[in-house]
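Pasting query_18.txt here (compact mmCIF, N, CA and C atoms):
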```txt
# COMPACT_ATOMS: atom_id res chain seq x y z
N MET A 1 -19.81 7.84 0.55
CA MET A 1 -20.45 7.91 1.85
C MET A 1 -20.80 9.37 2.17
N MET A 2 -22.01 9.58 2.69
CA MET A 2 -22.47 10.93 3.01
C MET A 2 -21.87 11.38 4.34
N THR A 3 -21.59 12.68 4.43
CA THR A 3 -21.12 13.26 5.68
C THR A 3 -22.30 13.42 6.64
N THR A 4 -22.00 13.67 7.89
CA THR A 4 -23.05 13.90 8.89
C THR A 4 -23.93 15.07 8.47
N ARG A 5 -23.33 16.15 7.99
CA ARG A 5 -24.12 17.31 7.58
C ARG A 5 -25.02 16.96 6.40
N GLU A 6 -24.53 16.19 5.45
CA GLU A 6 -25.35 15.80 4.30
C GLU A 6 -26.53 14.93 4.73
N ILE A 7 -26.29 14.03 5.66
CA ILE A 7 -27.36 13.18 6.19
C ILE A 7 -28.41 14.04 6.89
N ASN A 8 -27.96 14.97 7.73
CA ASN A 8 -28.87 15.84 8.46
C ASN A 8 -29.62 16.77 7.52
N ARG A 9 -28.94 17.30 6.51
CA ARG A 9 -29.58 18.18 5.53
C ARG A 9 -30.68 17.40 4.79
N ALA A 10 -30.40 16.18 4.38
CA ALA A 10 -31.39 15.36 3.68
C ALA A 10 -32.60 15.11 4.58
N CYS A 11 -32.35 14.84 5.85
CA CYS A 11 -33.45 14.63 6.79
C CYS A 11 -34.27 15.90 6.94
N LEU A 12 -33.62 17.04 7.06
CA LEU A 12 -34.33 18.31 7.21
C LEU A 12 -35.20 18.60 5.99
N PHE A 13 -34.68 18.37 4.79
CA PHE A 13 -35.47 18.62 3.59
C PHE A 13 -36.64 17.64 3.48
N ARG A 14 -36.42 16.40 3.89
CA ARG A 14 -37.52 15.41 3.93
C ARG A 14 -38.58 15.87 4.93
N HIS A 15 -38.13 16.37 6.07
CA HIS A 15 -39.02 16.86 7.13
C HIS A 15 -39.86 18.04 6.64
N THR A 16 -39.21 19.04 6.07
CA THR A 16 -39.95 20.23 5.64
C THR A 16 -40.89 19.92 4.48
N ALA A 17 -40.50 19.02 3.59
CA ALA A 17 -41.40 18.62 2.50
C ALA A 17 -42.65 17.95 3.07
N ALA A 18 -42.47 17.10 4.07
CA ALA A 18 -43.60 16.43 4.70
C ALA A 18 -44.49 17.45 5.43
N GLU A 19 -43.88 18.42 6.10
CA GLU A 19 -44.65 19.48 6.76
C GLU A 19 -45.51 20.23 5.74
N HIS A 20 -44.93 20.58 4.62
CA HIS A 20 -45.67 21.33 3.60
C HIS A 20 -46.88 20.55 3.09
N ARG A 21 -46.76 19.23 3.05
CA ARG A 21 -47.87 18.39 2.61
C ARG A 21 -48.84 18.07 3.76
N HIS A 22 -48.47 18.48 4.97
CA HIS A 22 -49.20 18.13 6.19
C HIS A 22 -49.32 16.61 6.30
N ASP A 23 -48.24 15.94 5.98
CA ASP A 23 -48.16 14.48 6.06
C ASP A 23 -47.60 14.14 7.45
N MET A 24 -48.51 13.86 8.38
CA MET A 24 -48.11 13.66 9.76
C MET A 24 -47.16 12.47 9.92
N ALA A 25 -47.50 11.34 9.31
CA ALA A 25 -46.67 10.14 9.48
C ALA A 25 -45.24 10.39 8.99
N GLU A 26 -45.10 11.00 7.84
CA GLU A 26 -43.76 11.27 7.30
C GLU A 26 -43.03 12.32 8.13
N THR A 27 -43.74 13.34 8.58
CA THR A 27 -43.12 14.37 9.43
C THR A 27 -42.58 13.73 10.69
N LEU A 28 -43.38 12.92 11.36
CA LEU A 28 -42.96 12.28 12.60
C LEU A 28 -41.83 11.29 12.37
N ALA A 29 -41.79 10.68 11.20
CA ALA A 29 -40.72 9.71 10.89
C ALA A 29 -39.36 10.37 10.81
N THR A 30 -39.32 11.68 10.63
CA THR A 30 -38.03 12.40 10.57
C THR A 30 -37.56 12.85 11.94
N LEU A 31 -38.36 12.61 12.97
CA LEU A 31 -38.02 13.04 14.33
C LEU A 31 -37.42 11.88 15.11
N HIS A 32 -36.41 12.19 15.90
CA HIS A 32 -35.84 11.21 16.82
C HIS A 32 -36.91 10.83 17.84
N ALA A 33 -36.93 9.58 18.27
CA ALA A 33 -37.94 9.12 19.24
C ALA A 33 -37.95 9.96 20.50
N ASP A 34 -36.78 10.48 20.90
CA ASP A 34 -36.67 11.30 22.10
C ASP A 34 -36.61 12.79 21.77
N CYS A 35 -37.27 13.20 20.69
CA CYS A 35 -37.20 14.61 20.28
C CYS A 35 -37.77 15.53 21.35
N HIS A 36 -37.33 16.78 21.28
CA HIS A 36 -37.75 17.81 22.23
C HIS A 36 -38.17 19.05 21.44
N PHE A 37 -39.38 19.52 21.66
CA PHE A 37 -39.90 20.72 21.01
C PHE A 37 -40.13 21.80 22.05
N GLU A 38 -39.76 23.02 21.72
CA GLU A 38 -40.10 24.18 22.55
C GLU A 38 -40.70 25.24 21.66
N ASP A 39 -41.95 25.57 21.94
CA ASP A 39 -42.63 26.68 21.28
C ASP A 39 -42.67 27.76 22.35
N ARG A 40 -41.61 28.52 22.42
CA ARG A 40 -41.40 29.46 23.53
C ARG A 40 -42.50 30.50 23.67
N PRO A 41 -42.96 31.13 22.60
CA PRO A 41 -43.97 32.17 22.77
C PRO A 41 -45.26 31.69 23.44
N VAL A 42 -45.70 30.46 23.15
CA VAL A 42 -46.93 29.97 23.78
C VAL A 42 -46.64 29.13 25.01
N GLY A 43 -45.38 28.95 25.35
CA GLY A 43 -45.00 28.25 26.56
C GLY A 43 -45.13 26.74 26.50
N LEU A 44 -45.02 26.16 25.31
CA LEU A 44 -45.10 24.70 25.18
C LEU A 44 -43.72 24.07 25.19
N THR A 45 -43.57 23.03 25.99
CA THR A 45 -42.39 22.19 25.97
C THR A 45 -42.90 20.76 25.80
N LEU A 46 -42.45 20.12 24.73
CA LEU A 46 -42.98 18.81 24.36
C LEU A 46 -41.85 17.82 24.12
N ASP A 47 -41.98 16.61 24.65
CA ASP A 47 -40.97 15.58 24.48
C ASP A 47 -41.57 14.34 23.84
N GLY A 48 -40.87 13.82 22.82
CA GLY A 48 -41.29 12.61 22.14
C GLY A 48 -42.17 12.89 20.93
N ARG A 49 -42.28 11.89 20.07
CA ARG A 49 -43.02 12.05 18.81
C ARG A 49 -44.51 12.32 19.04
N GLU A 50 -45.11 11.63 20.00
CA GLU A 50 -46.55 11.85 20.25
C GLU A 50 -46.81 13.29 20.69
N ALA A 51 -45.94 13.82 21.52
CA ALA A 51 -46.09 15.21 21.94
C ALA A 51 -45.85 16.16 20.78
N ALA A 52 -44.85 15.85 19.96
CA ALA A 52 -44.58 16.68 18.77
C ALA A 52 -45.80 16.68 17.85
N GLN A 53 -46.46 15.54 17.75
CA GLN A 53 -47.67 15.48 16.92
C GLN A 53 -48.70 16.48 17.39
N ARG A 54 -48.85 16.67 18.69
CA ARG A 54 -49.80 17.65 19.22
C ARG A 54 -49.43 19.06 18.75
N HIS A 55 -48.13 19.33 18.66
CA HIS A 55 -47.68 20.65 18.19
C HIS A 55 -48.11 20.87 16.75
N TYR A 56 -47.87 19.87 15.91
CA TYR A 56 -48.28 20.00 14.50
C TYR A 56 -49.79 20.11 14.39
N GLU A 57 -50.53 19.33 15.16
CA GLU A 57 -51.99 19.40 15.12
C GLU A 57 -52.49 20.78 15.52
N LEU A 58 -51.85 21.39 16.52
CA LEU A 58 -52.22 22.74 16.95
C LEU A 58 -52.09 23.71 15.79
N TRP A 59 -50.90 23.75 15.18
CA TRP A 59 -50.63 24.74 14.13
C TRP A 59 -51.34 24.41 12.83
N TRP A 60 -51.31 23.18 12.39
CA TRP A 60 -51.98 22.83 11.14
C TRP A 60 -53.49 22.98 11.28
N GLY A 61 -54.02 22.60 12.44
CA GLY A 61 -55.46 22.70 12.67
C GLY A 61 -55.94 24.13 12.79
N ALA A 62 -55.14 24.97 13.42
CA ALA A 62 -55.54 26.36 13.64
C ALA A 62 -55.36 27.22 12.39
N PHE A 63 -54.26 26.99 11.66
CA PHE A 63 -53.91 27.91 10.58
C PHE A 63 -53.61 27.23 9.25
N GLY A 64 -53.57 25.91 9.19
CA GLY A 64 -53.16 25.26 7.94
C GLY A 64 -51.81 25.77 7.49
N ILE A 65 -50.96 26.01 8.45
CA ILE A 65 -49.69 26.70 8.24
C ILE A 65 -48.83 26.06 7.17
N VAL A 66 -48.25 26.92 6.37
CA VAL A 66 -47.16 26.55 5.47
C VAL A 66 -46.07 27.61 5.64
N THR A 67 -44.87 27.27 5.26
CA THR A 67 -43.78 28.23 5.36
C THR A 67 -43.17 28.47 4.00
N ASP A 68 -42.51 29.61 3.89
CA ASP A 68 -41.74 29.85 2.68
C ASP A 68 -40.43 29.06 2.79
N GLU A 69 -39.60 29.13 1.79
CA GLU A 69 -38.37 28.36 1.80
C GLU A 69 -37.38 28.86 2.84
N GLY A 70 -37.43 30.10 3.17
CA GLY A 70 -36.59 30.65 4.23
C GLY A 70 -35.10 30.53 3.96
N ARG A 71 -34.36 30.68 5.04
CA ARG A 71 -32.89 30.59 4.98
C ARG A 71 -32.41 29.67 6.08
N LEU A 72 -31.35 28.93 5.76
CA LEU A 72 -30.72 28.04 6.74
C LEU A 72 -29.32 28.54 7.04
N HIS A 73 -28.96 28.48 8.31
CA HIS A 73 -27.63 28.86 8.76
C HIS A 73 -27.07 27.67 9.56
N TRP A 74 -26.16 26.91 8.94
CA TRP A 74 -25.58 25.75 9.61
C TRP A 74 -24.48 26.23 10.55
N ALA A 75 -24.71 26.06 11.85
CA ALA A 75 -23.72 26.44 12.85
C ALA A 75 -22.75 25.30 13.13
N ALA A 76 -23.19 24.08 12.89
CA ALA A 76 -22.39 22.87 13.06
C ALA A 76 -23.07 21.78 12.25
N ASP A 77 -22.44 20.63 12.13
CA ASP A 77 -23.04 19.54 11.35
C ASP A 77 -24.38 19.10 11.90
N ASP A 78 -24.58 19.27 13.22
CA ASP A 78 -25.81 18.82 13.86
C ASP A 78 -26.63 19.96 14.46
N LEU A 79 -26.40 21.19 13.96
CA LEU A 79 -27.12 22.36 14.48
C LEU A 79 -27.36 23.34 13.34
N VAL A 80 -28.64 23.65 13.10
CA VAL A 80 -28.99 24.61 12.06
C VAL A 80 -30.01 25.60 12.63
N ILE A 81 -29.88 26.84 12.20
CA ILE A 81 -30.85 27.89 12.55
C ILE A 81 -31.59 28.24 11.28
N GLY A 82 -32.90 28.16 11.34
CA GLY A 82 -33.73 28.46 10.18
C GLY A 82 -34.53 29.72 10.41
N GLU A 83 -34.67 30.49 9.35
CA GLU A 83 -35.51 31.68 9.37
C GLU A 83 -36.49 31.54 8.22
N ALA A 84 -37.77 31.73 8.50
CA ALA A 84 -38.77 31.60 7.46
C ALA A 84 -40.00 32.43 7.86
N VAL A 85 -41.03 32.32 7.05
CA VAL A 85 -42.28 33.03 7.31
C VAL A 85 -43.41 32.00 7.29
N PHE A 86 -44.21 32.00 8.35
CA PHE A 86 -45.42 31.19 8.41
C PHE A 86 -46.53 31.97 7.71
N ALA A 87 -47.38 31.27 6.99
CA ALA A 87 -48.56 31.89 6.39
C ALA A 87 -49.71 30.92 6.49
N GLY A 88 -50.90 31.44 6.73
CA GLY A 88 -52.07 30.59 6.82
C GLY A 88 -53.32 31.41 7.07
N THR A 89 -54.40 30.71 7.36
CA THR A 89 -55.68 31.34 7.67
C THR A 89 -56.20 30.72 8.96
N HIS A 90 -56.69 31.56 9.84
CA HIS A 90 -57.17 31.10 11.15
C HIS A 90 -58.53 30.40 10.97
N THR A 91 -58.47 29.08 10.72
CA THR A 91 -59.68 28.30 10.46
C THR A 91 -60.02 27.30 11.57
N GLY A 92 -59.17 27.22 12.59
CA GLY A 92 -59.43 26.31 13.70
C GLY A 92 -59.05 26.99 15.01
N PRO A 93 -59.47 26.44 16.15
CA PRO A 93 -59.15 27.06 17.44
C PRO A 93 -57.65 27.16 17.66
N PHE A 94 -57.25 28.25 18.31
CA PHE A 94 -55.84 28.47 18.64
C PHE A 94 -55.78 29.06 20.04
N LEU A 95 -55.20 28.32 20.97
CA LEU A 95 -55.06 28.77 22.36
C LEU A 95 -56.39 29.25 22.94
N GLY A 96 -57.45 28.53 22.61
CA GLY A 96 -58.78 28.88 23.11
C GLY A 96 -59.48 29.98 22.33
N ILE A 97 -58.87 30.46 21.26
CA ILE A 97 -59.46 31.53 20.44
C ILE A 97 -60.19 30.87 19.26
N ALA A 98 -61.47 31.18 19.14
CA ALA A 98 -62.27 30.61 18.04
C ALA A 98 -61.75 31.13 16.70
N PRO A 99 -61.91 30.34 15.64
CA PRO A 99 -61.44 30.74 14.32
C PRO A 99 -62.05 32.07 13.88
N THR A 100 -61.23 32.90 13.27
CA THR A 100 -61.69 34.21 12.79
C THR A 100 -61.74 34.30 11.27
N GLY A 101 -61.12 33.34 10.58
CA GLY A 101 -61.06 33.40 9.13
C GLY A 101 -60.05 34.39 8.60
N ARG A 102 -59.30 35.01 9.50
CA ARG A 102 -58.30 36.00 9.08
C ARG A 102 -57.00 35.32 8.65
N SER A 103 -56.35 35.95 7.68
CA SER A 103 -55.05 35.47 7.22
C SER A 103 -53.97 35.92 8.18
N VAL A 104 -52.95 35.09 8.32
CA VAL A 104 -51.80 35.44 9.14
C VAL A 104 -50.53 35.23 8.32
N ARG A 105 -49.55 36.02 8.65
CA ARG A 105 -48.23 35.91 8.03
C ARG A 105 -47.25 36.51 9.02
N PHE A 106 -46.28 35.69 9.47
CA PHE A 106 -45.34 36.20 10.45
C PHE A 106 -44.02 35.44 10.38
N PRO A 107 -42.92 36.14 10.60
CA PRO A 107 -41.60 35.49 10.58
C PRO A 107 -41.37 34.69 11.85
N PHE A 108 -40.53 33.68 11.73
CA PHE A 108 -40.15 32.89 12.89
C PHE A 108 -38.71 32.42 12.71
N THR A 109 -38.14 32.04 13.82
CA THR A 109 -36.81 31.44 13.84
C THR A 109 -36.93 30.10 14.55
N VAL A 110 -36.22 29.11 14.02
CA VAL A 110 -36.21 27.80 14.65
C VAL A 110 -34.77 27.32 14.74
N VAL A 111 -34.40 26.82 15.90
CA VAL A 111 -33.09 26.22 16.11
C VAL A 111 -33.32 24.71 16.14
N VAL A 112 -32.64 24.00 15.25
CA VAL A 112 -32.84 22.57 15.09
C VAL A 112 -31.54 21.84 15.40
N THR A 113 -31.64 20.79 16.20
CA THR A 113 -30.49 19.90 16.42
C THR A 113 -30.84 18.52 15.87
N PHE A 114 -29.80 17.73 15.63
CA PHE A 114 -29.96 16.40 15.05
C PHE A 114 -29.26 15.37 15.92
N ARG A 115 -29.79 14.15 15.89
CA ARG A 115 -29.16 13.01 16.54
C ARG A 115 -29.48 11.77 15.71
N ASP A 116 -28.47 11.00 15.41
CA ASP A 116 -28.65 9.75 14.66
C ASP A 116 -29.33 9.97 13.32
N GLY A 117 -29.06 11.11 12.67
CA GLY A 117 -29.62 11.40 11.35
C GLY A 117 -31.07 11.83 11.36
N LEU A 118 -31.62 12.16 12.55
CA LEU A 118 -33.00 12.60 12.69
C LEU A 118 -33.03 13.91 13.47
N LEU A 119 -34.14 14.65 13.36
CA LEU A 119 -34.29 15.87 14.12
C LEU A 119 -34.45 15.53 15.60
N ALA A 120 -33.58 16.08 16.43
CA ALA A 120 -33.61 15.80 17.86
C ALA A 120 -34.36 16.87 18.64
N SER A 121 -34.30 18.12 18.16
CA SER A 121 -35.01 19.19 18.85
C SER A 121 -35.32 20.33 17.89
N GLU A 122 -36.39 21.05 18.22
CA GLU A 122 -36.77 22.26 17.53
C GLU A 122 -37.19 23.27 18.60
N HIS A 123 -36.61 24.46 18.51
CA HIS A 123 -36.92 25.55 19.44
C HIS A 123 -37.40 26.73 18.61
N PHE A 124 -38.68 27.09 18.75
CA PHE A 124 -39.30 28.13 17.93
C PHE A 124 -39.37 29.46 18.66
N THR A 125 -39.14 30.53 17.93
CA THR A 125 -39.32 31.88 18.44
C THR A 125 -40.02 32.70 17.36
N TYR A 126 -41.03 33.46 17.77
CA TYR A 126 -41.77 34.33 16.86
C TYR A 126 -42.52 35.35 17.71
N ASP A 127 -43.14 36.32 17.06
CA ASP A 127 -43.86 37.38 17.74
C ASP A 127 -45.31 36.96 17.95
N LEU A 128 -45.61 36.40 19.12
CA LEU A 128 -46.96 35.95 19.41
C LEU A 128 -47.94 37.12 19.41
N ASN A 129 -47.54 38.26 19.95
CA ASN A 129 -48.44 39.41 19.96
C ASN A 129 -48.77 39.87 18.54
N GLY A 130 -47.79 39.82 17.65
CA GLY A 130 -48.06 40.16 16.26
C GLY A 130 -49.08 39.20 15.65
N LEU A 131 -48.94 37.91 15.95
CA LEU A 131 -49.90 36.92 15.46
C LEU A 131 -51.29 37.20 16.03
N LEU A 132 -51.36 37.45 17.34
CA LEU A 132 -52.66 37.72 17.96
C LEU A 132 -53.33 38.94 17.35
N ARG A 133 -52.56 39.98 17.09
CA ARG A 133 -53.13 41.18 16.46
C ARG A 133 -53.71 40.85 15.08
N GLN A 134 -53.03 39.97 14.35
CA GLN A 134 -53.51 39.62 13.01
C GLN A 134 -54.85 38.90 13.04
N ILE A 135 -55.14 38.21 14.13
CA ILE A 135 -56.44 37.53 14.23
C ILE A 135 -57.42 38.33 15.09
N GLY A 136 -57.07 39.60 15.35
CA GLY A 136 -57.98 40.51 16.03
C GLY A 136 -58.08 40.32 17.53
N GLN A 137 -57.02 39.81 18.13
CA GLN A 137 -57.02 39.57 19.58
C GLN A 137 -56.13 40.56 20.30
N PRO A 138 -56.42 40.81 21.57
CA PRO A 138 -55.55 41.70 22.34
C PRO A 138 -54.19 41.06 22.58
N ALA A 139 -53.20 41.91 22.72
CA ALA A 139 -51.84 41.44 23.00
C ALA A 139 -51.71 41.10 24.49
N PHE A 140 -50.65 40.36 24.81
CA PHE A 140 -50.37 39.98 26.20
C PHE A 140 -48.99 40.47 26.58
N ASP A 141 -48.83 40.78 27.85
CA ASP A 141 -47.49 41.08 28.32
C ASP A 141 -46.81 39.75 28.69
N PRO A 142 -45.55 39.77 29.06
CA PRO A 142 -44.83 38.51 29.32
C PRO A 142 -45.41 37.65 30.43
N VAL A 143 -46.21 38.20 31.32
CA VAL A 143 -46.79 37.38 32.39
C VAL A 143 -48.25 37.02 32.08
N GLY A 144 -48.66 37.26 30.84
CA GLY A 144 -49.97 36.80 30.40
C GLY A 144 -51.14 37.70 30.70
N GLU A 145 -50.90 38.96 31.01
CA GLU A 145 -52.00 39.88 31.24
C GLU A 145 -52.28 40.65 29.96
N ARG A 146 -53.57 40.82 29.66
CA ARG A 146 -53.93 41.58 28.45
C ARG A 146 -53.48 43.02 28.60
N ILE A 147 -52.85 43.55 27.53
CA ILE A 147 -52.38 44.93 27.62
C ILE A 147 -52.98 45.81 26.53
N ILE A 148 -53.55 45.21 25.49
CA ILE A 148 -54.15 46.03 24.43
C ILE A 148 -55.52 45.48 24.11
```
Could you take the file, read its structure, and then write that structure out as structure tokens?
Amino acid sequence: MMTTREINRACLFRHTAAEHRHDMAETLATLHADCHFEDRPVGLTLDGREAAQRHYELWWGAFGIVTDEGRLHWAADDLVIGEAVFAGTHTGPFLGIAPTGRSVRFPFTVVVTFRDGLLASEHFTYDLNGLLRQIGQPAFDPVGERII
């Protein structure tokens, strides 16, 4: 019999493999029905699989994002912190910014929780200003005013 951590680890690897293939159905199948996503830098809070799908559509559509293998830090059987690097090309709209064709590469951290053997939440943190600079856009201060 598998332990809770082994079940969650298997789900996470299934999830990330599906993300790499941009397989929406399989990616969503690894999420708990009541999942919660927070993309803190862009101010998105999303609940449920349909809302999570919008998050994937945003990133996959804008950048065709893929990640490196990164590192996992298991804090508990149902809590993991991941560190990785996003890489892609700005080929679709992102936050109202038209595609620039520029490559992006930036580190991110994600805190993932599990429930019932599925991903229950993902909380993303990354340098939005660094990403904006890579696509030739001005940076923003924390209250959304252009500063550069």
* Could you check which of A:Gly117, A:Gly88, A:Pro41, A:Gly82 is closest to A:Ile7, using only N, CA and C atoms? => A:Gly117
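One distance worth recording is that between atom CA of A:Arg71 and atom CA of A:Phe86, which is 13.0 Å.
Interatomic distance, atom C of A:Leu12 to atom C of A:Gly92: 26.8 Å.
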* To do: Please determine the residues with any atom at most 6 Å from (-40.0, 32.2, 11.5) (coordinates as given in the file, with all atoms listed in the file counting) and report them as JSON, numbers by chain.
  => {"A": [83, 84, 85, 86, 106, 107, 108, 109, 110, 125]}
* Dump as a ChimeraX atom specification all residues having an atom at most 9 Å from (-55.5, 21.5, 21.1), computed in the file's coordinates with only C-alpha atoms. => /A:54-55,57-58,61-62,93-96
Taking all atoms of stretch 92-105 of chain A that appear in the file, build a box with edges along x, y and z, extend it by 5 Å on every side, and state its centre and edge lengths in Å to one decimal, as lines of an AutoDock Vina configuration file.
```
center_x = -54.8
center_y = 31.4
center_z = 15.2
size_x = 25.0
size_y = 20.2
size_z = 25.9
```
Hey, what's within 7 Å of A:Val104 if we count all atoms listed in the file and toss same-chain stuff fewer than 2 positions away? As a PDB file with N, CA and C atoms, keeping the file's coordinate frame, please?
```
ATOM      1  N   PHE A  86     -44.210  32.000   8.350  1.00  0.00           N
ATOM      2  CA  PHE A  86     -45.420  31.190   8.410  1.00  0.00           C
ATOM      3  C   PHE A  86     -46.530  31.970   7.710  1.00  0.00           C
ATOM      4  N   ALA A  87     -47.380  31.270   6.990  1.00  0.00           N
ATOM      5  CA  ALA A  87     -48.560  31.890   6.390  1.00  0.00           C
ATOM      6  C   ALA A  87     -49.710  30.920   6.490  1.00  0.00           C
ATOM      7  N   GLY A  88     -50.900  31.440   6.730  1.00  0.00           N
ATOM      8  CA  GLY A  88     -52.070  30.590   6.820  1.00  0.00           C
ATOM      9  C   GLY A  88     -53.320  31.410   7.070  1.00  0.00           C
ATOM     10  N   THR A  89     -54.400  30.710   7.360  1.00  0.00           N
ATOM     11  CA  THR A  89     -55.680  31.340   7.670  1.00  0.00           C
ATOM     12  C   THR A  89     -56.200  30.720   8.960  1.00  0.00           C
ATOM     13  N   HIS A  90     -56.690  31.560   9.840  1.00  0.00           N
ATOM     14  CA  HIS A  90     -57.170  31.100  11.150  1.00  0.00           C
ATOM     15  C   HIS A  90     -58.530  30.400  10.970  1.00  0.00           C
ATOM     16  N   ARG A 102     -59.300  35.010   9.500  1.00  0.00           N
ATOM     17  CA  ARG A 102     -58.300  36.000   9.080  1.00  0.00           C
ATOM     18  C   ARG A 102     -57.000  35.320   8.650  1.00  0.00           C
ATOM     19  N   PHE A 106     -46.280  35.690   9.470  1.00  0.00           N
ATOM     20  CA  PHE A 106     -45.340  36.200  10.450  1.00  0.00           C
ATOM     21  C   PHE A 106     -44.020  35.440  10.380  1.00  0.00           C
ATOM     22  N   LEU A 131     -48.940  37.910  15.950  1.00  0.00           N
ATOM     23  CA  LEU A 131     -49.900  36.920  15.460  1.00  0.00           C
ATOM     24  C   LEU A 131     -51.290  37.200  16.030  1.00  0.00           C
ATOM     25  N   GLN A 134     -53.030  39.970  14.350  1.00  0.00           N
ATOM     26  CA  GLN A 134     -53.510  39.620  13.010  1.00  0.00           C
ATOM     27  C   GLN A 134     -54.850  38.900  13.040  1.00  0.00           C
ATOM     28  N   ILE A 135     -55.140  38.210  14.130  1.00  0.00           N
ATOM     29  CA  ILE A 135     -56.440  37.530  14.230  1.00  0.00           C
ATOM     30  C   ILE A 135     -57.420  38.330  15.090  1.00  0.00           C
TER      31      ILE A 135
END
```
* Fewer than 5 positions away in the same chain doesn't count, so skip those; otherwise give me all residues within 9 Å of stretch 17-27 of chain A, counting only C-alpha atoms, as a ChimeraX atom specification. => /A:12,53,56-57,60,64-67
* Structure fact -> A straight line from atom CA of A:Glu6 to atom CA of A:Tyr126 spans 27.8 Å
Test item: write stretch 35-83 of chain A with C-alpha atoms as a compact mmCIF listing (two decimals), in the first residue's frame:
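The resulting file, out-v2.txt, is shown below:
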```txt
# COMPACT_ATOMS: atom_id res chain seq x y z
CA CYS A 35 -8.81 23.46 -6.09
CA HIS A 36 -7.56 26.96 -5.35
CA PHE A 37 -4.97 28.79 -7.46
CA GLU A 38 -3.21 32.03 -6.56
CA ASP A 39 -0.97 33.74 -9.09
CA ARG A 40 0.10 36.45 -6.68
CA PRO A 41 2.20 38.65 -8.99
CA VAL A 42 -0.68 39.21 -11.44
CA GLY A 43 -3.32 39.25 -8.71
CA LEU A 44 -5.30 36.19 -9.82
CA THR A 45 -7.23 34.07 -7.34
CA LEU A 46 -9.03 31.16 -8.97
CA ASP A 47 -11.25 28.44 -7.50
CA GLY A 48 -12.25 25.18 -9.16
CA ARG A 49 -11.05 23.30 -12.22
CA GLU A 50 -12.71 25.60 -14.76
CA ALA A 51 -11.01 28.61 -13.22
CA ALA A 52 -7.69 26.74 -13.09
CA GLN A 53 -8.11 26.02 -16.79
CA ARG A 54 -8.17 29.78 -17.44
CA HIS A 55 -4.82 30.05 -15.65
CA TYR A 56 -3.26 27.40 -17.87
CA GLU A 57 -4.79 28.98 -20.97
CA LEU A 58 -3.30 32.35 -19.99
CA TRP A 59 0.24 31.01 -19.57
CA TRP A 60 0.26 28.37 -22.31
CA GLY A 61 -1.40 30.76 -24.76
CA ALA A 62 0.88 33.69 -23.98
CA PHE A 63 4.21 31.89 -23.68
CA GLY A 64 3.83 28.18 -24.48
CA ILE A 65 5.44 27.84 -21.08
CA VAL A 66 7.44 24.82 -20.05
CA THR A 67 9.45 24.39 -16.89
CA ASP A 68 12.70 22.72 -16.06
CA GLU A 69 12.68 19.83 -13.61
CA GLY A 70 13.37 22.14 -10.69
CA ARG A 71 13.58 21.09 -7.07
CA LEU A 72 10.95 19.83 -4.67
CA HIS A 73 10.97 20.42 -0.93
CA TRP A 74 8.42 18.25 0.91
CA ALA A 75 7.39 20.11 4.06
CA ALA A 76 4.72 17.52 4.93
CA ASP A 77 3.00 14.59 3.21
CA ASP A 78 0.43 16.99 1.75
CA LEU A 79 2.59 20.11 1.27
CA VAL A 80 5.43 20.62 -1.20
CA ILE A 81 7.36 23.72 -2.25
CA GLY A 82 8.67 23.65 -5.79
CA GLU A 83 11.34 25.80 -7.36
```
